[in-house]
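Enquirer: Take a look at this one; I'll ask things after.
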Amino acid sequence: MDNFILTDPEMNIMRPTYNSLHDPHLFNYFHRKDMQEQLKKNGYITGEKQVKCSLKEYKTHHRYLEHIKLHADRSTGQAQRARMREFLEQQQKGLISKDLTLADIREELLEEGAARLYHIILKNQELQRKRKGGSEEFSVEALLSWKLEERARLQRIEREVRHEWNREQQLREAREKRERQRLALMERKNTLQQMKLIEEVKKSEESALKELTKKKEGTELSKEVDEHHDFVILEPISKHPRCVMVV
């Protein structure tokens, strides 16, 4: 699966050509002594057992390697960026001590990358020893040079992540501030509406109380009139009864 270039589906970078000298399944066959001599005699390989190629093939392969490196750097950078963001999120939640910084994560990522590179270099040197039959010393200078370039790249990623994080925090604080202002405004409106409603209820109660007072006063006045006027009905003495009112 590692041999497929998913970012170049139309194969514009590396054409689907086949060279049996690069086939790993034929490695033992072409490394036979008689085959090595025959390949050297016919000009297919050099004295150092390197396969010869044209200038066009060399440039194509070089462009292919650059594309692979660029894709690997992009994928690695995305993973490192995600790890730095995760560190900031966990630290914001209080799960990571404030004593740690992004610089510590950067150095940790650098050491992890250096360990992987060291393993790849040793594996490649072992493969070269098997092919050439010689031995090569581990290049400390190459590893140090890589660490300098990688540290510079990680520092750039760190600055970008920190800038994005600070910007997101500012936007979040601005949203929270607007939300608090909106809630405060709604609360003031609700308070005013409640006060207005209470005032209306109070006026309604006062009006009802006045009406009740008026009715009560009218009832008392009617009672006073009834107390000063008595009506007496006398029994009829003759055929024509009459009513006499005594005051």
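Order determines the names: the first chain of the structure tokens is A, the second B, and so forth; residues in each chain are numbered 1 upward, and ligands are numbered 1 upward as they are shown.
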Just want the 9 Å neighbourhood of stretch 16-23 of chain A, counted on only C-alpha atoms, with same-chain residues fewer than 3 positions away dropped. Output as a list in words.

Expert: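 Within the cut-off, the hits are Met11, Leu26, Phe27, Phe30, Tyr44 and Val51 of chain A.
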
Enquirer: Show me, as a PyMOL selection string, the residues that have an atom within 12 Å of A:Lys52 when counting only C-alpha atoms, minus same-chain residues fewer than 4 positions from it.

Expert: chain A and resi 19+21-22+39-40+42-48+56-58

Enquirer: Could you save those same residues with C-alpha atoms as a PDB file, in the first residue's frame?

Expert:
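As a result, selection_36.pdb now contains:
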```pdb
ATOM      1  CA  ASN A  19      12.429  -2.064 -14.896  1.00  0.00           C
ATOM      2  CA  LEU A  21      16.584  -4.373 -12.311  1.00  0.00           C
ATOM      3  CA  HIS A  22      14.550  -2.501  -9.654  1.00  0.00           C
ATOM      4  CA  LEU A  39      25.142  -6.488 -16.466  1.00  0.00           C
ATOM      5  CA  LYS A  40      28.384  -4.532 -16.089  1.00  0.00           C
ATOM      6  CA  ASN A  42      26.394  -4.685 -21.165  1.00  0.00           C
ATOM      7  CA  GLY A  43      26.426  -1.298 -19.397  1.00  0.00           C
ATOM      8  CA  TYR A  44      23.281  -1.734 -17.336  1.00  0.00           C
ATOM      9  CA  ILE A  45      24.943  -1.131 -13.961  1.00  0.00           C
ATOM     10  CA  THR A  46      27.975   0.730 -12.668  1.00  0.00           C
ATOM     11  CA  GLY A  47      30.973  -0.655 -10.852  1.00  0.00           C
ATOM     12  CA  GLU A  48      29.207   0.214  -7.567  1.00  0.00           C
ATOM     13  CA  LYS A  56      14.959  12.025 -18.187  1.00  0.00           C
ATOM     14  CA  GLU A  57      14.435   8.994 -15.953  1.00  0.00           C
ATOM     15  CA  TYR A  58      16.656  10.524 -13.272  1.00  0.00           C
TER      16      TYR A  58
END
```

Enquirer: So that I can check the secondary structure, give me every residue of stretch 2-238 of chain A assigned alpha helix (DSSP H) by backbone DSSP, as a VMD selection string.

Expert: chain A and resid 27 to 30 33 to 42 55 to 92 102 to 132 140 to 228

Enquirer: With 12 Å as the cut-off and only C-alpha atoms counted, what is the closest atom pair between each nearby residue of stretch 123-220 of chain A and stretch 96-113 of chain A? Distances in Å to one decimal, ordered by chain and number, as CSV.

Expert:
```
residue,atom,partner,partner_atom,distance
A:Leu143,CA,A:Gly113,CA,10.5
A:Leu144,CA,A:Leu110,CA,11.4
A:Trp146,CA,A:Gly113,CA,9.7
A:Lys147,CA,A:Leu110,CA,7.1
A:Leu148,CA,A:Leu110,CA,9.6
A:Glu149,CA,A:Leu110,CA,10.3
A:Glu150,CA,A:Leu110,CA,6.9
A:Arg151,CA,A:Leu110,CA,6.6
A:Ala152,CA,A:Leu110,CA,10.2
A:Arg153,CA,A:Arg106,CA,9.9
A:Leu154,CA,A:Arg106,CA,6.3
A:Gln155,CA,A:Arg106,CA,7.3
A:Arg156,CA,A:Arg106,CA,10.3
A:Ile157,CA,A:Arg106,CA,9.1
A:Glu158,CA,A:Leu102,CA,6.9
A:Arg159,CA,A:Leu102,CA,9.4
A:Glu160,CA,A:Leu102,CA,11.5
A:Val161,CA,A:Leu102,CA,9.4
A:Arg162,CA,A:Leu102,CA,8.4
A:Trp165,CA,A:Leu102,CA,11.8
```

Enquirer: Calculate how many Å separate atom CA of A:Gly94 from atom CA of A:Gly77, rounding to one decimal.

Expert: 25.8 Å
